[in-house]
There are 2 protein chains.
Amino acid sequence: MKKADKFVKNAAGRIVPTIVNGREVIPFKGINKYRPEHRGAAPRVPTCIDYPEDGNKIVDSLKEALIRSGVKDGMTISTHHHYRDGDYIANVIFDIVAELGLKDLRWVPSAAFPCHQPIIKHLESGVVNHIEGSLNGPLGDFCSRGKMRGLGYLRSHGGRFRAISDGELHIDIAVMAASAADMMGNANGVLGKHPFGPMAFTKADVRYADRTIVVTDTLLDFPCYPWEIMGNDVDYVVVVDEIGDPQKIVSGTTKITQSPDRLLIAEYCAKFVEAAGILKDGMNFQAGAGGTSLAFVYFIQQMMLEKGFKARSMVGGSTKFLVEMMEKGLTDYIFDGQAFGLEAISSLRDNPKHIPIGVFESYDFHAKGNLTRMMDVIVLGSTEVDINFNANCVSHSDGRMLHGIGGFQNCMLAKCTIIAVPSFRDRIPVIRDEVTTLVAPGELVDVIVTERGIAINPRRKDLIAATLNSGLPIRDIRDLKKEVDRICGIPAQPRLSDEAVAVVEWIDGTILDTLKKVEE
Amino acid sequence: MKKADKFVKNAAGRIVPTIVNGREVIPFKGINKYRPEHRGAAPRVPTCIDYPEDGNKIVDSLKEALIRSGVKDGMTISTHHHYRDGDYIANVIFDIVAELGLKDLRWVPSAAFPCHQPIIKHLESGVVNHIEGSLNGPLGDFCSRGKMRGLGYLRSHGGRFRAISDGELHIDIAVMAASAADMMGNANGVLGKHPFGPMAFTKADVRYADRTIVVTDTLLDFPCYPWEIMGNDVDYVVVVDEIGDPQKIVSGTTKITQSPDRLLIAEYCAKFVEAAGILKDGMNFQAGAGGTSLAFVYFIQQMMLEKGFKARSMVGGSTKFLVEMMEKGLTDYIFDGQAFGLEAISSLRDNPKHIPIGVFESYDFHAKGNLTRMMDVIVLGSTEVDINFNANCVSHSDGRMLHGIGGFQNCMLAKCTIIAVPSFRDRIPVIRDEVTTLVAPGELVDVIVTERGIAINPRRKDLIAATLNSGLPIRDIRDLKKEVDRICGIPAQPRLSDEAVAVVEWIDGTILDTLKKVEE
């Protein structure tokens with residue numbers, strides 16, 4: 001089986017395969033051009049007959065649960081990434097699978113992190129054929145070097161949910177870490193020894209996988225409530241000593257930036273939002289957990305306090321900053337798909353206005369609308385942008401795939417999507433003629449904010465008009481690029497071979513771009 | 001198309017059709033004998049492209065929403081029954097459909113009530129071919145008299161969820177009343193002018209219907225939270241003056257019985273639960289909203305207070321009595337699928353330990369377990385029982401189908417299922433040689449409690465042993481029957497024709513019994 005075959009040029013002008021890991025795929029057709037004509041996934045129908053009458057689904061070990069789940073060659077196993085770099089479970093799964101002598105499995109994590117480096121040995125030995133999911137760090141680098149047997153397959157959070165519920169990505173066994181669970185499998189991420197927050201990234205897995213295993217280090221009396229995972233969806237419960245380290249969720253991203261440049265970027269973002277008339281009482285907005293985003297939230301908070309505004313909702317990745325804003329009465333609700341830090345986790349547990357949401361609610365494109373489309377503004381970071389407002393968040397300019405898509409593509413549907421980036425990093429320009437990897441088509445990027453000025457997408461005449469006399473440094477993106485190139489010099493091209501190593505899926509399931517092997 | 005065809009005798013000894021309204025069905029094979037081998041329903045895959053960018057799905061009228069949803073001859077339309085006898089929406093739907101000149105529609109309410117009598121004219125005219133769903137009162141009587149074109153089809157609450165999610169019952173258009181909604185379709189039943197409580201009976205409809213219309217009389221700012229219905233699942237939102245009358249939810253059922261006989265029955269139930277060792281700290285139990293059940297709850301409450309016990313969870317139909325118990329600290333949680341009365345609704349809205357649950361969680365048999373199986377005891381009423389512990393809750397002894405199944409069949413899976421009934425009503429014996437309609441096989445009925453004594457199913461040797469020296473009037477059910485027959489005389493047989501008018505489905509989707517036409 002070829003990793004990738006039958007390449008064509010798609011509507012974004014990118015050369016993409018039409019066969020990926022043996023499955024036929026559809027090239028990107030343009031924004032809002034591909035309409036699904038099929039019906040969705042039809043899950044296995046279980047029956048209570050096959051589950052213990054007393055509700056007790058505990059088995060002795062993860063190995064036993066995997067064997068009872070019928071694990072075999074070629075199967076697809078999923079995990080979630082709510083522990084991010086502190087996950088203890090995925091490595092153990094594939095050690096067990098290797099011990100069982102199995103091969104050619106597919107791992108579909110909602111994201112992989114540096115802590116999952118031990119899985120490289122299983123990729124090398126063939127126990128794992130390939131990974132479909134965000135690859136942060138060493139696994140991404142491994143893939144970029146052309147060492148993975150199958151093709152890497154990058155989906156956004158919303159795209160992963162869509163692929164599973166559309167029936168394109170079938171999960172045989174979902175192994176879901178939960179910080180607390182009962183014997184029936186009711187489980188959550190807010191109670192127990194090592195709480196991590198909401199369980200957004202488990203919803204599709206649990207609903208559609210043939211088998212679901214809950215792994216916990218804290219067994220509670222029935223019923224374990226809240227039940228973000230319901231026991232009705234669970235086959236086996238495994239109790240282990242420790243499932244993960246919540247300290248490693250934050251990975252140093254959740255501090256307000258100290259960099260004067262980045263503070264300036266955040267301030268520009270906030271002032272732009274104000275000047276454009278987006279900042280208003282009852283607004284809904286989303287901001288990430290990175291340093292610049294947090295600074296943006298800080299500035300927005302100051303403006304809201306000054307004007308007496310209150311947000312209707314804020315969508316997280318939640319941090320202590322969002323929690324503080326809610327506690328100050330600056331928002332009615334926090335909707336939360338991933339908690340960063342203990343303050344966020346305890347707020348989620350204790351404050352009924354701090355609400356866990358799933359990926360379906362927030363991001364699914366094959367739904368009848370979603371929360372992201374209701375957001376007045378979203379601020380995001382990226383690795384590169386280009387003069388056509390295209391954006392990249394998965395590869396560096398040397399072509400190495402080191403980050404996942406996360407919600408990046410999904411957030412493009414907000415009413416105003418702002419990419420906040422420094423104009424260069426380590427003397428490498430962030431504004432390019434063409435992004436190395438196309439992750440978000442420029443049509444959907446409304447504003448790019450750098451420390452050297454703000455570029456508004458020419459399509460957004462409304463935003464251009466609204467900010468015309470704002471005194472903000474609104475500039476043509478080509479001018480910005482020229483200025484940066486004068487400082488940094490014209491950047492070197494990445495050294496890439498013709499060999500495809502991964503593809504980027506667009507939110508509608510079509511193939512947007514191909515990542516090439518990076519030459520050593 | 002024949003209403004019912006190809007009759008066979010099933011494992012319960014009942015003669016049932018194998019073709020119902022043109023669809024092939026499976027005769028009951030015995031408890032835990034039928035295993036599903038198929039995959040479940042594959043819902044239509046929508047796309048955000050087809051939904052308004054600003055999220056505003058409001059259309060001018062229900063008529064417009066139905067037309068935009070593509071309503072046409074032969075379609076299936078669903079509604080929920082959370083307003084019970086106070087629902088204003090179902091009648092309007094079929095008036096519109098009649099006005100549009102359509103015919104042969106199928107209505108699949110989660111239950112119909114006397115307030116839906118106006119739909120009889122649409123059944124007579126052929127606008128509605130038949131109803132699949134619980135038929136309380138006049139519609140049931142209409143069906144029993146053989147006047148419905150298609151065959152009536154009775155499913156339990158859990159069975160209805162199962163049929164929809166298994167792909168056996170496809171809904172074209174779900175019309176869901178919500179006491180509050182926003183323009184995107186996020187909706188609940190606890191806010192707004194006419195709150196009614198949880199929205200358990202909307203979950204399958206909304207997830208699997210091709211089109212979902214939310215009808216509300218209270219439009220709130222986005223986001224309307226809690227969102228028991230999520231806007232991501234909604235096609236259109238309609239705002240009307242009034243959607244229903246919450247005063248008519250209770251229908252006089254939610255007062256503790258004043259009848260000395262029924263109080264005695266309730267007291268026997270409670271004492272039995274105590275004697276059998278079921279009453280314990282941390283127990284989980286469910287009790288309905290009828291007068292005897294409420295009295296049972298009252299006695300249990302007294303015992304718990306005396307012994308210092310606390311329940312882990314109580315499952316409702318919730319009433320002010322359950323709410324009072326929670327407020328007294330007698331339970332950790334109330335799980336609630338239907339609120340009876342304002343106290344229950346406001347508790348559900350305000351108390352984070354009073355939790356709305358769906359039918360999937362509580363009752364679905366084609367799941368990996370469910371809440372009912374975790375209940376230590378459930379007390380239910382019924383219209384008839386027989387000497388083999390079979391039970392009937394849908395027809396009277398004259399054969400007229402006047403009640404729905406509700407959760408009756410689903411509750412049979414509890415660890416101890418008690419049927420609490422008077423031994424006769426209006427001089428008609430409740431204990432029979434054979435139930436007129438088989439709704440719950442005797443294998444699953446553990447205890448029958450009457451004012452004349454308690455009959456324990458011989459299969460439950462554990463309960464017999466545990467209560468041997470309890471001093472309770474434990475009696476053989478045949479003795480009980482003889483005593484009642486001496487008082488009432490041998491009851492007349494119902495006057496039934498051979499014509500099938502409805503079937504009763506078992507929780508696994510097989511056909512358990514047939515209801516026959518009642519002769520005038």
# chains A, B, ... in the order shown; residues from 1 in each chain; ligands from 1
>>> select_by_dssp(residues="region 151-265 of chain A", states="helix (DSSP H, G or I)", output="ChimeraX atom specification")
/A:157-165,200-208,231-233,246-248,260-265
>>> residues_around(residues="region 513-515 of chain A", least_positions_apart="4", cutoff="9 Å", atoms="only C-alpha atoms", output="CSV table (one decimal) with C-alpha atoms, in the first residue's frame")
chain,number,residue,atom,x,y,z
A,10,ASN,CA,-6.4,21.4,-5.6
A,12,ALA,CA,-5.8,26.2,-3.3
A,14,ARG,CA,-1.5,22.8,-3.7
A,15,ILE,CA,-0.5,19.4,-5.0
A,16,VAL,CA,-2.3,16.8,-2.9
A,17,PRO,CA,-2.8,13.0,-3.0
A,27,PRO,CA,-9.0,17.4,-2.8
A,28,PHE,CA,-9.9,20.8,-1.3
A,144,SER,CA,8.8,15.1,8.7
A,152,GLY,CA,0.7,11.5,8.7
A,395,SER,CA,5.3,23.6,10.3
A,399,GLY,CA,9.3,22.5,6.7
A,400,ARG,CA,9.4,20.5,9.9
A,401,MET,CA,6.0,19.7,11.2
A,436,THR,CA,5.3,26.6,3.8
A,437,THR,CA,2.2,24.6,4.7
A,438,LEU,CA,-1.3,25.9,4.0
A,439,VAL,CA,-3.4,25.3,7.0
A,499,GLU,CA,8.2,12.7,-1.0
A,500,ALA,CA,4.9,13.3,0.9
A,501,VAL,CA,5.0,12.6,4.6
A,502,ALA,CA,1.7,14.0,5.8
A,503,VAL,CA,-1.4,15.8,4.6
A,504,VAL,CA,-3.5,18.6,6.1
A,505,GLU,CA,-7.2,18.1,6.0
A,506,TRP,CA,-9.5,21.1,5.8
>>> closest_atom_pairs(of="chain B", to="chain A", cutoff="7 Å", atoms="only C-alpha atoms", output="CSV")
residue,atom,partner,partner_atom,distance
B:Asn32,CA,A:Ile49,CA,5.8
B:Arg35,CA,A:Thr47,CA,6.9
B:Pro36,CA,A:Val45,CA,6.5
B:His38,CA,A:Val45,CA,6.7
B:Arg39,CA,A:Arg44,CA,4.7
B:Gly40,CA,A:Ala42,CA,4.8
B:Ala41,CA,A:Ala42,CA,5.3
B:Ala42,CA,A:Ala42,CA,4.5
B:Pro43,CA,A:Gly40,CA,5.3
B:Arg44,CA,A:Arg39,CA,4.7
B:Val45,CA,A:Arg39,CA,5.4
B:Pro46,CA,A:His366,CA,5.2
B:Thr47,CA,A:His366,CA,4.1
B:Cys48,CA,A:Gly369,CA,4.9
B:Ile49,CA,A:Asn32,CA,5.8
B:Tyr51,CA,A:Lys368,CA,6.0
B:Glu53,CA,A:Arg373,CA,6.7
B:Asp54,CA,A:Met374,CA,6.7
B:Gly55,CA,A:Met374,CA,6.4
B:Asp166,CA,A:Val45,CA,6.8
B:Gly231,CA,A:Gly369,CA,7.0
B:Asn232,CA,A:Lys368,CA,4.6
B:Asp233,CA,A:Lys368,CA,5.6
B:Val234,CA,A:Lys368,CA,6.1
B:Asp235,CA,A:Lys368,CA,6.5
B:Glu361,CA,A:Asn232,CA,6.4
B:Phe365,CA,A:Cys48,CA,5.5
B:His366,CA,A:Thr47,CA,4.1
B:Ala367,CA,A:Thr47,CA,5.3
B:Lys368,CA,A:Asn232,CA,4.5
B:Gly369,CA,A:Cys48,CA,5.0
B:Asn370,CA,A:Asn232,CA,5.3
B:Arg373,CA,A:Glu53,CA,6.7
B:Met374,CA,A:Gly55,CA,6.5
>>> closest_residue(among="A:Leu151, A:Val518, A:Ile120, A:Ala178", to="Lys2 (chain A)", atoms="only C-alpha atoms")
A:Leu151
>>> select_by_dssp(residues="region 342-422 of chain A", states="strand (DSSP E or B)", output="PyMOL selection string")
chain A and resi 354-356+377-380+384-386+391-392+395+401+417-420
>>> write_last_selection(atoms="C-alpha atoms", output="PDB file, in the first residue's frame")
ATOM      1  CA  HIS A 354     -18.095  27.580  33.859  1.00  0.00           C
ATOM      2  CA  ILE A 355     -19.257  24.924  31.467  1.00  0.00           C
ATOM      3  CA  PRO A 356     -17.456  22.058  29.758  1.00  0.00           C
ATOM      4  CA  VAL A 377     -13.674  37.789  17.657  1.00  0.00           C
ATOM      5  CA  ILE A 378     -10.991  35.141  18.072  1.00  0.00           C
ATOM      6  CA  VAL A 379      -7.266  35.806  18.452  1.00  0.00           C
ATOM      7  CA  LEU A 380      -4.814  33.107  17.376  1.00  0.00           C
ATOM      8  CA  GLU A 384       3.709  31.763   9.339  1.00  0.00           C
ATOM      9  CA  VAL A 385       1.349  33.955   7.368  1.00  0.00           C
ATOM     10  CA  ASP A 386       1.724  35.123   3.794  1.00  0.00           C
ATOM     11  CA  ALA A 391      -1.747  30.925   7.509  1.00  0.00           C
ATOM     12  CA  ASN A 392       0.329  28.018   8.746  1.00  0.00           C
ATOM     13  CA  SER A 395       5.257  23.552  10.256  1.00  0.00           C
ATOM     14  CA  MET A 401       6.008  19.677  11.250  1.00  0.00           C
ATOM     15  CA  THR A 417     -10.406  36.103  13.096  1.00  0.00           C
ATOM     16  CA  ILE A 418      -7.203  37.835  14.105  1.00  0.00           C
ATOM     17  CA  ILE A 419      -3.778  36.243  13.798  1.00  0.00           C
ATOM     18  CA  ALA A 420      -1.390  37.841  16.254  1.00  0.00           C
TER      19      ALA A 420
END
>>> atom_distance(atom1="CA of Phe113 (chain A)", atom2="CA of Met148 (chain A)")
16.2 Å
>>> closest_residue(among="B:Val214, B:Thr18, B:Gly404, B:Ala98", to="Gly133 (chain B)", atoms="only C-alpha atoms")
B:Gly404
>>> atom_distance(atom1="CA of Glu324 (chain A)", atom2="CA of Lys280 (chain A)")
19.3 Å
>>> atom_distance(atom1="CA of Ala266 (chain A)", atom2="CA of Phe299 (chain A)")
7.5 Å
>>> residues_around(residues="region 474-479 of chain A", least_positions_apart="5", cutoff="8 Å", atoms="only C-alpha atoms", output="ChimeraX atom specification")
/A:387,453-456
>>> closest_residue(among="A:Leu169, A:Val190, A:Val449, A:Ile300", to="Ser346 (chain A)", atoms="only C-alpha atoms")
A:Val190
>>> closest_residue(among="A:Thr383, A:Thr292, A:Ser156, A:Ser397", to="Arg495 (chain A)", atoms="only C-alpha atoms")
A:Ser397
>>> closest_residue(among="A:Lys516, A:His396, A:Arg145, A:Lys3", to="Val430 (chain A)", atoms="only C-alpha atoms")
A:His396
